Structure formats: structure tokens, C-alpha cells
Amino acid sequence: MKNPFIILAAAALISSSAVLASDDSPAVTKVTPYKPGITMTKSVQAGISPDDAMNILKAGNERFVSGKPLSRNQKTLVTQTALGQYPLAHVIACMDSRSGPEVVFDMSTGDIFSNRVAGNVINDDILGGLEYGSKVVGTPLIVVLGRTSCGAIKGACDGVKLGNLTQLLEKIQPAVQMSKTPGERNGKNYKFVNEVTELNIDDSVNEIRTKSPILADLEKQGKVKIVGALYDTSTGRVSWR
């Protein structure tokens with residue numbers, strides 16, 4: 001027979017923990033206004049439109065560029081988000097160590113879903129994650145974030161062959177082929193690399209729409225926005241496409 005005191009203690013613990021994310025209950029329909037640094041909960045996410053989410057990221061990048069990031073209590077955020085997550089954006093970014101989405105957008109624990117892969121390419125696994133984020137969790141914004149001077153882009157421009165990297169770089173070839181920049185078509189041509197980078201961002205955005213009917217439908221309904229953006233590794237600024 002189970003100890004009744006243990007059962008009561010467990011019930012009390014569950015009850016007290018639930019208070020941390022009390023507005024995450026399915027029955028809750030209230031909206032909590034967003035303000036910079038607020039913990040993302042279901043009620044906060046409910047009041048954020050796709051355009052709102054993009055403006056929040058833009059404001060965060062301005063803080064990053066100006067060297068004025070928000071001060072946050074990370075321990076508190078971990079506790080407050082322990083029972084659920086309701087991010088305002090899903091970012092597919094290059095794996096580059098200098099362009100982490102949480103950093104360049106001045107976001108924190110629970111704010112964004114982040115997928116990192118060389119060349120910010122799209123595959124079925126990433127699409128599955130995006131569908132989960134937007135359809136199940138309700139994330140309103142999807143951002144494909146490329147970067148300047150991307151090594152994967154240069155590798156694709158140079159036709160690099162290297163183990164499993166070969167098949168990854170092949171996903172960037174459509175952008176290489178679409179480029180119309182004159183001059184040498186290799187990684188040493190700065191303008192060529194830049195154009196391929198931008199074309200690859202656009203191609204990834206289009207792939208999300210064409211390969212995921214779920215996300216395409218959510219976008220048509222206005223529940224999700226799918227956009228491209230470019231991070232400048234020399235200035236820290238993000239430009240939007």
C-alpha cells in the first residue's frame with residue numbers, strides 16, 4: 001500500500017508547480033500584453049501576431065547592435081518556462097558561431113525555436129520541426145536567417161566535395177545556378193557569394209512553402225509568416241527580405 005503522506009506531498013508539489021505556468025492551461029483565453037523581457041507563456045504568445053513577432057525581433061537586433069541588451073534573470077526564466085514553451089518565432093540559421101539567433105535578436109530562454117545547420121538549408125527533419133512549432137505550439141513567425149561570408153555558400157560556389165558535407169552543399173546549388181553576377185563564379189568573387197547567399201535564403205523560404213502544405217496553409221490563414229533575413233557578420237545588423 002502506498003504511503004498516503006507521499007501521495008499528498010506529490011499532489012501538493014504538482015499543484016504548486018502548476019502556478020508557475022498557470023496561464024498555460026488549455027482553458028485560458030486571456031491575452032497578456034508583450035513587453036521586452038517578459039517570459040513567453042501561452043497568454044503572451046496569444047497576443048503576438050506574425051508582424052508583431054517580426055517587430056520584436058527587429059527591436060531585439062537593434063538592442064544587440066547598439067550594445068544595450070536586456071538584463072534578465074536566467075534562473076527565473078528557467079523556472080517559469082519549466083512546464084511549457086510558447087516561443088514567438090522559429091529561426092533556421094547557419095551553424096556559424098557568431099550568429100546565434102538568441103544573441104543577435106537579444107532573445108532568451110523560451111523566446112525562440114532555433115535550428116542551426118550550415119548554409120541554413122531546409123530538409124525534411126527541419127520541416128517537421130517547423131510544423132510542430134507553428135501548428136502545435138502556435139509560433140507565429142518563421143525566419144530563415146542567412147549570413148554574410150558564409151563558408152557553406154563559398155563551398156557550394158567552389159563545388160567542394162567532402163564526405164557528408166557534399167550532399168549538404170548540393171542543396172545550395174540551385175542558388176548558385178540562379179546567380180547572374182558577372183565575373184568569376186567562385187568563392188573569391190565577393191559579389192557572386194553575396195548574391196548566392198541571398199538567393200539561397202529565398203530558395204529556403206520557398207522550399208518551406210512548397211514542401212509543407214501545413215505551413216503554407218497557416219500562412220494563407222494569416223496565422224504564420226515565413227520570411228528571410230540576412231545577418232551581417234561585420235556589423236551585427238540583420239536586414240529583412
# chains A, B, ... in the order shown; residues from 1 in each chain; ligands from 1
$ residues_around --residues "region 115-119 of chain A" --least-positions-apart "3" --cutoff "8 Å" --atoms "only C-alpha atoms" --output "PyMOL selection string"
chain A and resi 90-96+126+146+150-153+168-169+172
$ write_last_selection --atoms "N, CA and C atoms" --output "PDB file, in the first residue's frame"
ATOM      1  N   HIS A  90      10.392  31.057 -34.862  1.00  0.00           N
ATOM      2  CA  HIS A  90      11.209  29.866 -35.160  1.00  0.00           C
ATOM      3  C   HIS A  90      12.245  30.315 -36.190  1.00  0.00           C
ATOM      4  N   VAL A  91      13.539  30.197 -35.827  1.00  0.00           N
ATOM      5  CA  VAL A  91      14.612  30.688 -36.688  1.00  0.00           C
ATOM      6  C   VAL A  91      15.465  29.535 -37.191  1.00  0.00           C
ATOM      7  N   ILE A  92      15.607  29.455 -38.522  1.00  0.00           N
ATOM      8  CA  ILE A  92      16.519  28.486 -39.141  1.00  0.00           C
ATOM      9  C   ILE A  92      17.751  29.267 -39.544  1.00  0.00           C
ATOM     10  N   ALA A  93      18.858  29.043 -38.843  1.00  0.00           N
ATOM     11  CA  ALA A  93      20.055  29.844 -39.054  1.00  0.00           C
ATOM     12  C   ALA A  93      21.249  28.976 -39.407  1.00  0.00           C
ATOM     13  N   CYS A  94      22.276  29.618 -39.943  1.00  0.00           N
ATOM     14  CA  CYS A  94      23.527  28.932 -40.225  1.00  0.00           C
ATOM     15  C   CYS A  94      24.160  28.503 -38.895  1.00  0.00           C
ATOM     16  N   MET A  95      24.982  27.460 -38.940  1.00  0.00           N
ATOM     17  CA  MET A  95      25.625  26.962 -37.721  1.00  0.00           C
ATOM     18  C   MET A  95      26.747  27.869 -37.220  1.00  0.00           C
ATOM     19  N   ASP A  96      27.065  28.916 -37.930  1.00  0.00           N
ATOM     20  CA  ASP A  96      28.166  29.820 -37.597  1.00  0.00           C
ATOM     21  C   ASP A  96      28.140  30.242 -36.134  1.00  0.00           C
ATOM     22  N   ILE A 126      13.940  19.387 -40.580  1.00  0.00           N
ATOM     23  CA  ILE A 126      13.698  20.774 -40.191  1.00  0.00           C
ATOM     24  C   ILE A 126      12.242  21.155 -40.451  1.00  0.00           C
ATOM     25  N   GLY A 146      20.117  33.824 -43.025  1.00  0.00           N
ATOM     26  CA  GLY A 146      21.414  33.580 -43.627  1.00  0.00           C
ATOM     27  C   GLY A 146      22.431  34.551 -43.057  1.00  0.00           C
ATOM     28  N   CYS A 150      29.374  33.402 -45.720  1.00  0.00           N
ATOM     29  CA  CYS A 150      29.047  32.053 -45.248  1.00  0.00           C
ATOM     30  C   CYS A 150      29.980  31.018 -45.879  1.00  0.00           C
ATOM     31  N   GLY A 151      30.634  30.207 -45.053  1.00  0.00           N
ATOM     32  CA  GLY A 151      31.552  29.192 -45.554  1.00  0.00           C
ATOM     33  C   GLY A 151      30.866  28.140 -46.386  1.00  0.00           C
ATOM     34  N   ALA A 152      29.621  27.781 -46.018  1.00  0.00           N
ATOM     35  CA  ALA A 152      28.877  26.789 -46.789  1.00  0.00           C
ATOM     36  C   ALA A 152      28.546  27.323 -48.182  1.00  0.00           C
ATOM     37  N   ILE A 153      28.181  28.594 -48.248  1.00  0.00           N
ATOM     38  CA  ILE A 153      27.880  29.211 -49.539  1.00  0.00           C
ATOM     39  C   ILE A 153      29.136  29.226 -50.409  1.00  0.00           C
ATOM     40  N   LEU A 168      25.087  18.175 -48.428  1.00  0.00           N
ATOM     41  CA  LEU A 168      24.536  19.407 -47.867  1.00  0.00           C
ATOM     42  C   LEU A 168      24.741  20.571 -48.835  1.00  0.00           C
ATOM     43  N   LEU A 169      25.955  20.678 -49.375  1.00  0.00           N
ATOM     44  CA  LEU A 169      26.259  21.786 -50.292  1.00  0.00           C
ATOM     45  C   LEU A 169      25.456  21.691 -51.584  1.00  0.00           C
ATOM     46  N   ILE A 172      22.479  23.852 -51.942  1.00  0.00           N
ATOM     47  CA  ILE A 172      22.691  25.269 -52.235  1.00  0.00           C
ATOM     48  C   ILE A 172      22.909  25.510 -53.725  1.00  0.00           C
TER      49      ILE A 172
END
$ residues_around --residues "region 220-228 of chain A" --least-positions-apart "6" --cutoff "7 Å" --atoms "only C-alpha atoms" --output "MDAnalysis selection string"
chainID A and resid 50 140:145 201:202 205 240:241
$ atom_distance --atom1 "CA of Ser71 (chain A)" --atom2 "CA of Ser114 (chain A)"
21.0 Å
$ select_by_dssp --residues "region 75-174 of chain A" --states "helix (DSSP H, G or I)" --output "PyMOL selection string"
chain A and resi 75-80+101-104+118-120+124-136+151-157+165-170+173-174
$ atom_distance --atom1 "CA of Pro213 (chain A)" --atom2 "CA of Gln85 (chain A)"
24.2 Å
$ select_by_dssp --residues "chain A" --states "strand (DSSP E or B)" --output "number ranges by chain"
A: 89-93, 112-116, 141-147, 225-231, 238-240
$ write_last_selection --atoms "N, CA, C and O atoms" --output "short mmCIF file (atom, residue, chain, number, x, y, z; two decimals), in the first residue's frame"
data_model
loop_
_atom_site.label_atom_id
_atom_site.label_comp_id
_atom_site.auth_asym_id
_atom_site.auth_seq_id
_atom_site.Cartn_x
_atom_site.Cartn_y
_atom_site.Cartn_z
N ALA A 89 8.93 33.01 -32.22
CA ALA A 89 9.50 32.83 -33.56
C ALA A 89 10.28 31.53 -33.65
O ALA A 89 10.73 30.99 -32.64
N HIS A 90 10.39 31.06 -34.86
CA HIS A 90 11.21 29.87 -35.16
C HIS A 90 12.24 30.31 -36.19
O HIS A 90 11.89 30.78 -37.27
N VAL A 91 13.54 30.20 -35.83
CA VAL A 91 14.61 30.69 -36.69
C VAL A 91 15.47 29.53 -37.19
O VAL A 91 15.97 28.72 -36.41
N ILE A 92 15.61 29.46 -38.52
CA ILE A 92 16.52 28.49 -39.14
C ILE A 92 17.75 29.27 -39.54
O ILE A 92 17.71 30.09 -40.46
N ALA A 93 18.86 29.04 -38.84
CA ALA A 93 20.05 29.84 -39.05
C ALA A 93 21.25 28.98 -39.41
O ALA A 93 21.25 27.77 -39.18
N ILE A 112 12.51 31.72 -28.54
CA ILE A 112 12.51 31.26 -29.93
C ILE A 112 12.91 29.80 -30.04
O ILE A 112 13.69 29.28 -29.24
N PHE A 113 12.37 29.14 -31.08
CA PHE A 113 12.88 27.84 -31.51
C PHE A 113 14.07 28.14 -32.41
O PHE A 113 14.03 29.06 -33.23
N SER A 114 15.13 27.37 -32.28
CA SER A 114 16.33 27.64 -33.08
C SER A 114 16.86 26.37 -33.72
O SER A 114 17.19 25.40 -33.04
N ASN A 115 16.90 26.35 -35.06
CA ASN A 115 17.52 25.27 -35.83
C ASN A 115 18.79 25.80 -36.46
O ASN A 115 18.78 26.82 -37.14
N ARG A 116 19.91 25.12 -36.25
CA ARG A 116 21.20 25.55 -36.80
C ARG A 116 21.73 24.50 -37.75
O ARG A 116 21.88 23.33 -37.38
N LEU A 141 5.88 33.11 -36.30
CA LEU A 141 6.84 33.62 -37.27
C LEU A 141 7.93 32.59 -37.54
O LEU A 141 8.47 31.98 -36.61
N ILE A 142 8.25 32.40 -38.83
CA ILE A 142 9.35 31.53 -39.24
C ILE A 142 10.35 32.39 -40.00
O ILE A 142 10.00 33.07 -40.96
N VAL A 143 11.61 32.36 -39.56
CA VAL A 143 12.65 33.17 -40.18
C VAL A 143 13.79 32.29 -40.67
O VAL A 143 14.33 31.49 -39.92
N VAL A 144 14.12 32.42 -41.96
CA VAL A 144 15.32 31.79 -42.49
C VAL A 144 16.42 32.84 -42.42
O VAL A 144 16.37 33.84 -43.12
N LEU A 145 17.39 32.63 -41.55
CA LEU A 145 18.43 33.63 -41.30
C LEU A 145 19.77 33.20 -41.90
O LEU A 145 20.46 32.34 -41.36
N GLY A 146 20.12 33.82 -43.03
CA GLY A 146 21.41 33.58 -43.63
C GLY A 146 22.43 34.55 -43.06
O GLY A 146 22.10 35.40 -42.22
N ARG A 147 23.67 34.44 -43.49
CA ARG A 147 24.69 35.37 -43.01
C ARG A 147 25.69 35.70 -44.11
O ARG A 147 25.85 34.94 -45.07
N LYS A 225 3.83 33.77 -40.57
CA LYS A 225 4.54 34.48 -41.63
C LYS A 225 5.89 33.80 -41.80
O LYS A 225 6.56 33.47 -40.82
N ILE A 226 6.27 33.57 -43.06
CA ILE A 226 7.54 32.93 -43.38
C ILE A 226 8.40 33.95 -44.12
O ILE A 226 8.02 34.41 -45.20
N VAL A 227 9.53 34.33 -43.53
CA VAL A 227 10.35 35.39 -44.12
C VAL A 227 11.83 35.01 -44.12
O VAL A 227 12.27 34.11 -43.41
N GLY A 228 12.59 35.74 -44.92
CA GLY A 228 14.03 35.57 -44.96
C GLY A 228 14.72 36.79 -44.35
O GLY A 228 14.16 37.89 -44.32
N ALA A 229 15.93 36.59 -43.85
CA ALA A 229 16.70 37.68 -43.28
C ALA A 229 18.18 37.38 -43.44
O ALA A 229 18.58 36.22 -43.61
N LEU A 230 18.99 38.42 -43.40
CA LEU A 230 20.44 38.27 -43.59
C LEU A 230 21.20 38.94 -42.46
O LEU A 230 21.01 40.13 -42.18
N TYR A 231 22.06 38.18 -41.80
CA TYR A 231 22.88 38.71 -40.71
C TYR A 231 24.24 39.11 -41.24
O TYR A 231 24.93 38.32 -41.90
N VAL A 238 20.83 42.81 -38.77
CA VAL A 238 20.00 41.91 -39.58
C VAL A 238 19.15 42.74 -40.54
O VAL A 238 18.47 43.68 -40.12
N SER A 239 19.22 42.39 -41.83
CA SER A 239 18.34 43.03 -42.82
C SER A 239 17.30 42.02 -43.23
O SER A 239 17.55 40.82 -43.26
N TRP A 240 16.11 42.51 -43.54
CA TRP A 240 14.97 41.63 -43.81
C TRP A 240 14.62 41.62 -45.29
O TRP A 240 14.74 42.62 -45.98
#
$ residues_around --residues "Arg72 (chain A)" --least-positions-apart "5" --cutoff "10 Å" --atoms "only C-alpha atoms" --output "PyMOL selection string"
chain A and resi 37-39+77+107-109
$ closest_residue --among "A:Gly67, A:Gly100, A:Pro87, A:Gly155" --to "Val44 (chain A)" --atoms "only C-alpha atoms"
A:Pro87
$ atom_distance --atom1 "CA of Gly129 (chain A)" --atom2 "CA of Gly159 (chain A)"
29.1 Å
